[in-house]
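Data file: entry_10.tsv. Format and content: TSV, C-alpha atoms and all ligand atoms.
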```tsv
chain	number	residue	atom	x	y	z
H	1	MET	CA	9.71	14.70	-23.26
H	2	SER	CA	7.35	12.03	-22.04
H	3	VAL	CA	3.79	13.08	-21.20
H	4	PHE	CA	3.96	11.55	-17.73
H	5	SER	CA	6.96	13.03	-15.89
H	6	THR	CA	8.15	11.67	-12.54
H	7	GLN	CA	10.62	14.53	-12.05
H	8	ARG	CA	8.71	15.78	-8.99
H	9	LEU	CA	9.61	12.53	-7.22
H	10	GLU	CA	13.35	13.17	-7.41
H	11	ASN	CA	15.03	13.29	-3.99
H	12	LYS	CA	11.70	12.74	-2.21
H	13	VAL	CA	11.73	10.40	0.79
H	14	VAL	CA	9.12	7.68	0.29
H	15	LEU	CA	8.19	5.32	3.12
H	16	ILE	CA	6.44	2.13	2.02
H	17	THR	CA	4.94	-0.39	4.45
H	18	GLY	CA	4.61	-3.96	3.23
H	19	ALA	CA	7.55	-3.51	0.86
H	20	SER	CA	8.85	-7.10	0.91
H	21	GLY	CA	6.61	-8.32	-1.92
H	22	GLY	CA	3.65	-7.66	-4.20
H	23	ILE	CA	2.47	-4.09	-4.74
H	24	GLY	CA	4.85	-2.58	-2.14
H	25	ALA	CA	7.94	-4.14	-3.69
H	26	GLU	CA	6.98	-2.98	-7.20
H	27	ALA	CA	6.30	0.52	-5.87
H	28	ALA	CA	9.76	0.55	-4.26
H	29	ILE	CA	11.38	-0.26	-7.60
H	30	LEU	CA	9.42	2.39	-9.51
H	31	PHE	CA	10.11	5.14	-6.94
H	32	ALA	CA	13.82	4.17	-7.02
H	33	LYS	CA	13.83	4.48	-10.83
H	34	ALA	CA	12.22	7.91	-10.47
H	35	GLY	CA	15.08	9.12	-8.24
H	36	SER	CA	13.34	8.94	-4.86
H	37	ASN	CA	14.89	7.79	-1.60
H	38	LEU	CA	13.23	4.91	0.19
H	39	ILE	CA	12.39	3.64	3.65
H	40	LEU	CA	11.09	0.10	3.20
H	41	LEU	CA	9.22	-1.72	5.97
H	42	ALA	CA	8.05	-5.34	6.33
H	43	ARG	CA	8.41	-8.28	8.70
H	44	ARG	CA	10.44	-10.74	6.54
H	45	ALA	CA	14.05	-9.52	6.57
H	46	ASP	CA	15.30	-11.73	3.69
H	47	LYS	CA	12.54	-10.66	1.28
H	48	LEU	CA	12.81	-7.02	2.35
H	49	ASN	CA	16.58	-6.92	1.81
H	50	ALA	CA	16.16	-8.55	-1.62
H	51	VAL	CA	13.67	-5.81	-2.59
H	52	ALA	CA	16.05	-3.12	-1.29
H	53	GLU	CA	18.82	-4.59	-3.49
H	54	ALA	CA	16.51	-4.80	-6.52
H	55	ALA	CA	15.43	-1.18	-5.98
H	56	SER	CA	19.05	-0.08	-5.69
H	57	ALA	CA	19.92	-1.91	-8.94
H	58	ALA	CA	16.89	-0.34	-10.65
H	59	HIS	CA	18.03	3.11	-9.50
H	60	LYS	CA	21.53	2.55	-10.90
H	61	ALA	CA	20.20	1.13	-14.17
H	62	ALA	CA	17.90	4.15	-14.61
H	63	GLY	CA	21.00	6.37	-14.53
H	64	VAL	CA	19.21	9.00	-12.47
H	65	GLN	CA	21.46	11.18	-10.31
H	66	ALA	CA	18.86	12.02	-7.65
H	67	GLY	CA	17.83	9.79	-4.77
H	68	GLY	CA	18.89	6.17	-4.40
H	69	LYS	CA	19.28	6.13	-0.62
H	70	ILE	CA	17.45	3.03	0.54
H	71	ALA	CA	16.83	1.95	4.13
H	72	PRO	CA	15.15	-1.43	4.66
H	73	ILE	CA	13.83	-1.67	8.23
H	74	VAL	CA	12.29	-4.85	9.58
H	75	LEU	CA	9.08	-3.78	11.27
H	76	ASP	CA	5.68	-5.23	12.09
H	77	VAL	CA	3.07	-2.47	11.85
H	78	SER	CA	0.75	-4.49	14.09
H	79	ASP	CA	3.19	-4.00	16.98
H	80	ALA	CA	2.60	-0.57	18.57
H	81	LYS	CA	5.97	-0.63	20.35
H	82	GLN	CA	7.88	-1.31	17.13
H	83	VAL	CA	6.06	1.54	15.38
H	84	GLU	CA	6.81	3.84	18.32
H	85	GLY	CA	10.52	3.06	17.89
H	86	LEU	CA	10.56	3.45	14.11
H	87	LYS	CA	11.86	7.02	13.85
H	88	ALA	CA	14.93	6.10	15.90
H	89	LYS	CA	15.80	3.49	13.24
H	90	ILE	CA	15.46	5.79	10.23
H	91	PRO	CA	18.83	7.18	9.06
H	92	ALA	CA	19.28	10.92	9.74
H	93	GLU	CA	19.22	11.89	6.03
H	94	LEU	CA	15.83	10.18	5.54
H	95	GLN	CA	14.03	11.60	8.58
H	96	ASN	CA	11.86	14.00	6.55
H	97	VAL	CA	9.39	11.64	4.94
H	98	ASP	CA	7.56	13.23	1.97
H	99	ILE	CA	5.34	10.38	0.80
H	100	LEU	CA	3.87	7.71	3.03
H	101	VAL	CA	2.52	4.60	1.29
H	102	ASN	CA	0.41	2.62	3.76
H	103	ASN	CA	0.35	-0.66	1.86
H	104	ALA	CA	0.91	-3.44	4.45
H	105	GLY	CA	-2.15	-5.62	4.69
H	106	PHE	CA	-3.57	-9.08	4.25
H	107	VAL	CA	-6.64	-11.28	4.36
H	108	LEU	CA	-6.88	-14.61	6.15
H	109	GLY	CA	-9.41	-17.26	5.13
H	110	VAL	CA	-12.94	-17.10	3.75
H	111	ASP	CA	-14.79	-17.97	6.95
H	112	LYS	CA	-18.44	-16.99	7.16
H	113	ILE	CA	-19.68	-14.92	10.09
H	114	GLY	CA	-20.17	-17.28	13.02
H	115	ASP	CA	-16.99	-19.22	12.16
H	116	ILE	CA	-14.52	-16.32	12.15
H	117	LYS	CA	-11.48	-17.10	14.26
H	118	GLU	CA	-10.65	-14.63	17.01
H	119	ASP	CA	-6.92	-14.59	16.20
H	120	GLU	CA	-7.47	-14.03	12.46
H	121	MET	CA	-9.97	-11.25	13.15
H	122	ALA	CA	-7.48	-9.54	15.47
H	123	ALA	CA	-4.53	-10.02	13.08
H	124	MET	CA	-6.37	-8.40	10.14
H	125	PHE	CA	-7.55	-5.42	12.18
H	126	GLU	CA	-4.15	-5.02	13.87
H	127	THR	CA	-2.29	-4.75	10.55
H	128	ASN	CA	-4.81	-3.40	8.02
H	129	VAL	CA	-6.40	-0.82	10.32
H	130	TYR	CA	-4.46	-0.14	13.52
H	131	GLY	CA	-1.08	-0.53	11.80
H	132	LEU	CA	-2.08	1.94	9.08
H	133	ILE	CA	-3.41	4.37	11.68
H	134	ARG	CA	-0.28	4.05	13.85
H	135	ILE	CA	2.09	4.75	10.96
H	136	THR	CA	-0.05	7.68	9.80
H	137	GLN	CA	-0.16	9.17	13.30
H	138	LEU	CA	3.62	8.89	13.54
H	139	PHE	CA	4.22	11.08	10.48
H	140	ILE	CA	1.17	13.34	10.12
H	141	LYS	CA	2.35	15.84	12.74
H	142	ASP	CA	5.63	16.25	10.82
H	143	PHE	CA	3.65	16.74	7.60
H	144	LYS	CA	1.58	19.43	9.31
H	145	ALA	CA	4.67	21.13	10.80
H	146	ARG	CA	6.38	21.19	7.39
H	147	ALA	CA	3.12	21.97	5.53
H	148	SER	CA	3.81	19.24	2.99
H	149	GLY	CA	3.43	15.52	2.54
H	150	HIS	CA	1.31	12.88	0.84
H	151	VAL	CA	-0.43	9.94	2.52
H	152	ILE	CA	-1.32	7.16	0.07
H	153	ASN	CA	-3.44	4.42	1.62
H	154	ILE	CA	-4.01	1.11	-0.14
H	155	GLY	CA	-7.65	0.24	0.35
H	156	SER	CA	-9.54	-2.24	-1.79
H	157	VAL	CA	-12.59	-2.84	-3.93
H	158	ALA	CA	-13.59	-4.82	-0.81
H	159	GLY	CA	-13.77	-1.55	1.14
H	160	ARG	CA	-16.31	-0.17	-1.34
H	161	GLU	CA	-18.48	-3.27	-1.54
H	162	ALA	CA	-18.42	-6.25	0.82
H	163	TYR	CA	-18.69	-9.88	-0.19
H	164	ALA	CA	-19.64	-13.15	1.55
H	165	GLY	CA	-16.65	-14.76	3.20
H	166	GLY	CA	-14.89	-11.44	3.60
H	167	GLY	CA	-16.58	-10.23	6.79
H	168	ILE	CA	-13.42	-9.04	8.46
H	169	TYR	CA	-11.22	-8.13	5.49
H	170	CYS	CA	-13.98	-6.03	3.89
H	171	ALA	CA	-14.60	-4.33	7.24
H	172	THR	CA	-10.90	-3.49	7.58
H	173	LYS	CA	-10.78	-1.97	4.12
H	174	ALA	CA	-14.02	-0.04	4.72
H	175	ALA	CA	-12.24	1.33	7.80
H	176	VAL	CA	-9.26	2.35	5.65
H	177	ARG	CA	-11.67	4.16	3.33
H	178	SER	CA	-13.39	5.97	6.19
H	179	PHE	CA	-10.09	6.87	7.91
H	180	SER	CA	-8.70	8.22	4.61
H	181	GLN	CA	-11.80	10.38	4.18
H	182	SER	CA	-11.48	11.79	7.71
H	183	LEU	CA	-7.81	12.62	7.14
H	184	LEU	CA	-8.58	14.25	3.79
H	185	ARG	CA	-11.11	16.50	5.52
H	186	GLU	CA	-8.80	17.31	8.43
H	187	VAL	CA	-5.98	18.56	6.17
H	188	VAL	CA	-8.11	20.42	3.63
H	189	ASP	CA	-6.62	23.73	4.82
H	190	THR	CA	-3.04	22.49	4.23
H	191	PRO	CA	-0.96	21.42	1.20
H	192	ILE	CA	-0.98	17.84	2.52
H	193	ARG	CA	-2.46	15.31	0.10
H	194	VAL	CA	-4.42	12.17	0.95
H	195	THR	CA	-5.12	9.42	-1.56
H	196	GLU	CA	-6.85	6.09	-1.22
H	197	ILE	CA	-6.18	3.54	-3.96
H	198	GLN	CA	-8.73	0.74	-4.23
H	199	PRO	CA	-7.47	-2.18	-6.31
H	200	GLY	CA	-9.50	-5.13	-7.52
H	201	LEU	CA	-7.92	-8.53	-8.24
H	202	VAL	CA	-4.12	-8.28	-8.15
H	203	GLU	CA	-2.03	-11.43	-8.50
H	204	THR	CA	0.55	-11.16	-5.70
H	205	GLY	CA	1.25	-13.13	-2.55
H	206	PHE	CA	-2.14	-11.91	-1.28
H	207	SER	CA	-4.24	-15.02	-2.06
H	208	VAL	CA	-1.45	-17.38	-0.99
H	209	VAL	CA	-1.60	-15.69	2.43
H	210	ARG	CA	-5.41	-15.86	2.38
H	211	PHE	CA	-5.34	-19.63	1.77
H	212	HIS	CA	-2.57	-20.23	4.32
H	213	GLY	CA	0.08	-21.13	1.73
H	214	ASP	CA	-2.15	-23.21	-0.60
H	215	GLN	CA	-0.84	-22.10	-4.01
H	216	SER	CA	-3.44	-24.00	-6.07
H	217	ALA	CA	-6.31	-22.42	-4.10
H	218	ALA	CA	-4.66	-19.03	-4.67
H	219	ASP	CA	-4.25	-19.68	-8.42
H	220	LYS	CA	-8.00	-20.36	-8.80
H	221	VAL	CA	-8.78	-16.78	-7.72
H	222	TYR	CA	-7.17	-15.47	-10.91
H	223	GLN	CA	-8.14	-18.31	-13.26
H	224	GLY	CA	-9.68	-17.44	-16.61
H	225	LEU	CA	-9.00	-13.71	-16.57
H	226	GLU	CA	-6.00	-11.44	-16.74
H	227	PRO	CA	-5.65	-9.98	-13.24
H	228	LEU	CA	-3.72	-6.87	-12.33
H	229	VAL	CA	-0.12	-7.47	-11.21
H	230	GLY	CA	1.74	-5.60	-8.48
H	231	LYS	CA	3.40	-3.30	-11.01
H	232	ASP	CA	0.02	-2.12	-12.33
H	233	VAL	CA	-0.97	-0.79	-8.91
H	234	ALA	CA	2.57	0.48	-8.25
H	235	GLU	CA	2.27	2.60	-11.41
H	236	GLU	CA	-0.94	4.13	-10.03
H	237	ILE	CA	0.81	4.90	-6.72
H	238	VAL	CA	3.69	6.61	-8.51
H	239	TRP	CA	1.29	8.47	-10.81
H	240	VAL	CA	-0.77	9.98	-7.98
H	241	ALA	CA	2.44	10.92	-6.12
H	242	ALA	CA	3.86	12.66	-9.20
H	243	ARG	CA	0.83	14.93	-9.81
H	244	PRO	CA	1.51	18.67	-9.44
H	245	PRO	CA	1.20	19.82	-5.80
H	246	HIS	CA	-2.17	21.56	-6.35
H	247	ILE	CA	-3.78	18.27	-7.46
H	248	ASN	CA	-4.96	15.61	-5.04
H	249	ILE	CA	-6.22	12.31	-6.43
H	250	ALA	CA	-8.48	11.53	-3.48
H	251	GLU	CA	-9.56	8.09	-4.68
H	252	LEU	CA	-8.40	5.78	-7.42
H	253	PHE	CA	-10.45	2.65	-8.11
H	254	VAL	CA	-8.59	0.24	-10.39
H	255	MET	CA	-9.65	-3.25	-11.51
H	256	PRO	CA	-8.86	-5.72	-14.28
H	257	VAL	CA	-10.99	-5.03	-17.36
H	258	ASN	CA	-13.07	-8.16	-16.68
H	259	GLN	CA	-13.92	-7.22	-13.09
H	260	ALA	CA	-16.77	-4.87	-12.17
H	261	SER	CA	-17.14	-5.50	-8.43
H	262	PRO	CA	-15.65	-7.88	-5.82
H	263	THR	CA	-17.85	-10.70	-7.13
H	264	LEU	CA	-18.83	-9.66	-10.66
H	265	VAL	CA	-15.89	-11.11	-12.52
H	266	HIS	CA	-16.02	-12.32	-16.13
H	267	ARG	CA	-13.60	-15.16	-16.85
H	268	PRO	CA	-13.34	-15.48	-20.64
H	269	GLY	CA	-10.63	-18.13	-20.38
H	270	LYS	CA	-12.60	-20.54	-18.21
H	301	LIG	N1	-3.75	-8.52	-4.17
H	301	LIG	C1	-4.99	-8.06	-4.24
H	301	LIG	O1	-5.86	-8.61	-4.91
H	301	LIG	C2	-5.35	-6.80	-3.49
H	301	LIG	C3	-6.54	-6.15	-3.83
H	301	LIG	C4	-6.90	-5.00	-3.14
H	301	LIG	C5	-6.08	-4.50	-2.16
H	301	LIG	N2	-4.92	-5.16	-1.83
H	301	LIG	C6	-4.11	-4.60	-0.76
H	301	LIG	O2	-2.83	-4.31	-1.26
H	301	LIG	C7	-1.89	-4.31	-0.18
H	301	LIG	C8	-0.66	-5.09	-0.60
H	301	LIG	O3	-1.02	-6.43	-0.82
H	301	LIG	P1	-0.36	-7.34	-1.96
H	301	LIG	O4	-1.43	-7.70	-2.90
H	301	LIG	O5	0.87	-6.72	-2.49
H	301	LIG	O6	-0.05	-8.65	-1.10
H	301	LIG	P2	1.34	-9.33	-0.68
H	301	LIG	O7	2.12	-9.69	-1.88
H	301	LIG	O8	0.95	-10.43	0.25
H	301	LIG	O9	2.10	-8.19	0.11
H	301	LIG	C9	1.70	-7.76	1.38
H	301	LIG	C10	2.86	-7.05	2.03
H	301	LIG	O10	2.46	-6.60	3.34
H	301	LIG	C11	3.48	-6.96	4.27
H	301	LIG	N3	2.88	-7.07	5.60
H	301	LIG	C12	1.83	-7.83	5.98
H	301	LIG	N4	1.60	-7.67	7.28
H	301	LIG	C13	2.50	-6.78	7.75
H	301	LIG	C14	2.77	-6.21	9.02
H	301	LIG	N5	2.03	-6.53	10.09
H	301	LIG	N6	3.78	-5.33	9.14
H	301	LIG	C15	4.53	-5.00	8.07
H	301	LIG	N7	4.33	-5.50	6.85
H	301	LIG	C16	3.33	-6.39	6.69
H	301	LIG	C17	4.04	-8.26	3.72
H	301	LIG	O11	5.38	-8.47	4.13
H	301	LIG	P3	5.87	-9.37	5.37
H	301	LIG	O12	5.07	-10.63	5.32
H	301	LIG	O13	7.32	-9.55	5.07
H	301	LIG	O14	5.62	-8.52	6.58
H	301	LIG	C18	4.06	-7.94	2.23
H	301	LIG	O15	5.22	-7.20	1.90
H	301	LIG	C19	-2.63	-4.88	1.02
H	301	LIG	O16	-3.04	-3.83	1.86
H	301	LIG	C20	-3.85	-5.55	0.40
H	301	LIG	O17	-4.93	-5.61	1.29
H	301	LIG	C21	-4.53	-6.28	-2.49
```
Conversion result in structure tokens:
Amino acid sequence: MSVFSTQRLENKVVLITGASGGIGAEAAILFAKAGSNLILLARRADKLNAVAEAASAAHKAAGVQAGGKIAPIVLDVSDAKQVEGLKAKIPAELQNVDILVNNAGFVLGVDKIGDIKEDEMAAMFETNVYGLIRITQLFIKDFKARASGHVINIGSVAGREAYAGGGIYCATKAAVRSFSQSLLREVVDTPIRVTEIQPGLVETGFSVVRFHGDQSAADKVYQGLEPLVGKDVAEEIVWVAARPPHINIAELFVMPVNQASPTLVHRPGK
């Protein structure tokens, strides 16, 4: 028997926002391998469907009998109306969500305060903060009614410590941290679990989005050190979800070995 069992995840319904790439996509594949069922949300239909297919193949290859029901649903968490209509789009057999992974999020630009663009400020808050709150509000009453459930929010090292050029992104992730702490306190008298995972540098589509599609600018972020990859954080998500029900990992702060803070990064290969 392996030391780290994922048996508790079998037949669970896991909803992941931002599942079309990066950390969310890797989490989808790992939960599928563990025998969970999945509701996968993101805006890009082609990427989302490809992840749903990869998760389905991973489930089959794992040979696990449990789970394997996968529902990709195109949804923009920044659109309140779309979130309001989400439950009507979830197949009947997946209505009882057990684990909610609030992962959708992004950063745009490195503008200093004074130069921040109104639309970029709004977009980051709408997805990273309001989107996460909307999705949580949609399911938390069900969790309370069923006296079970796990909310896993993807925060950031940037929510613990701000950096220059991250005025809005850091503020959104500090909001995720604060919101997660409020929720944790509100459900302390229930079996509901609340986790915030705070990753450092993870090489995903994140920096490509930040630099508006400029791949070489994105590559420089990770130059000279070995960053985390999506799967590293996905493994942490699955690990916290698979803990016995009396254990809540409230916070998990995970960085590459050569990172100590948002800006204190050692680059041995540079
Ligand atoms: N990479 C890092 O260094 C790092 C570090 C700390 C924390 N994080 C956090 O980790 C999370 C995942 O990021 P990642 O690194 O995996 O980046 P990524 O590869 O760019 O993935 C982000 C995911 O979020 C989805 N998304 C963005 N806006 C959305 C919206 N409004 N509605 C629904 N889905 C949306 C994207 O899909 P669509 O474009 O298809 O919608 C994509 O699937 C984010 O919350 C990010 O802030 C990342």
Show me the residues close to (-20.8, -11.4, 7.8) - anything with an atom within 7 Å, counting all atoms listed in the file - and format the list as a short mmCIF file (atom, residue, chain, number, x, y, z; two decimals) with C-alpha atoms, in the frame of the given file.
```
data_model
loop_
_atom_site.label_atom_id
_atom_site.label_comp_id
_atom_site.auth_asym_id
_atom_site.auth_seq_id
_atom_site.Cartn_x
_atom_site.Cartn_y
_atom_site.Cartn_z
CA LYS H 112 -18.44 -16.99 7.16
CA ILE H 113 -19.68 -14.92 10.09
CA ALA H 164 -19.64 -13.15 1.55
CA GLY H 167 -16.58 -10.23 6.79
#
```
Exercise for the section: Between H:Cys170, H:Val238, H:Ala61, H:Val221, single out the one closest to H:Ile16, counting only C-alpha atoms. Expected result: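 So, comparing all the options, the nearest one is H:Val238.
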Handout entry: For H:Ile152, the nearest of the candidates H:Glu84, H:Glu196, H:Asp219, H:Asp79, counting all atoms listed in the file
Key =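 Closest residue, counting all atoms listed in the file: H:Glu196.
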Exercise for the section: Could you check which of H:Phe31, H:Phe4, H:Tyr169, H:Phe143 is closest to ligand LIG 301 (chain H), using all atoms listed in the file? Expected result: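 Using all atoms listed in the file, the shortest distance to ligand LIG 301 (chain H) belongs to H:Tyr169.
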Handout entry: All residues having an atom within 6 Å of ligand LIG 301 (chain H) (all atoms listed in the file) as an MDAnalysis selection string
Key = chainID H and resid 17:24 42:44 75:78 103:106 127 154:156 199:206
Handout entry: Local residues around (16.8, -5.5, -0.9), at most 10 Å away, using only C-alpha atoms, as number ranges by chain
Key = H: 19-20, 25, 28, 40, 45-57, 70-72
Problem - Shortest interatomic distance to H:Asp232 - which of H:Leu30, H:Ala122, H:Val187, H:Leu15, counting all atoms listed in the file - result: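 Checking each candidate against H:Asp232, we get H:Leu30 as the closest.
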Handout entry: Pick from H:Ala171, H:Leu86, H:Val176, H:Leu228, whichever lies nearest to H:Val129 using all atoms listed in the file
Key =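 Using all atoms listed in the file, H:Val129 sits closest to H:Val176.
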Handout entry: Residue neighbourhood H:Gln95, 12 Å, all atoms listed in the file, exclusion window fewer than 2 positions, as an MDAnalysis selection string
Key = chainID H and resid 12:15 37:39 69 71 86:93 97:99 138:139 142:143
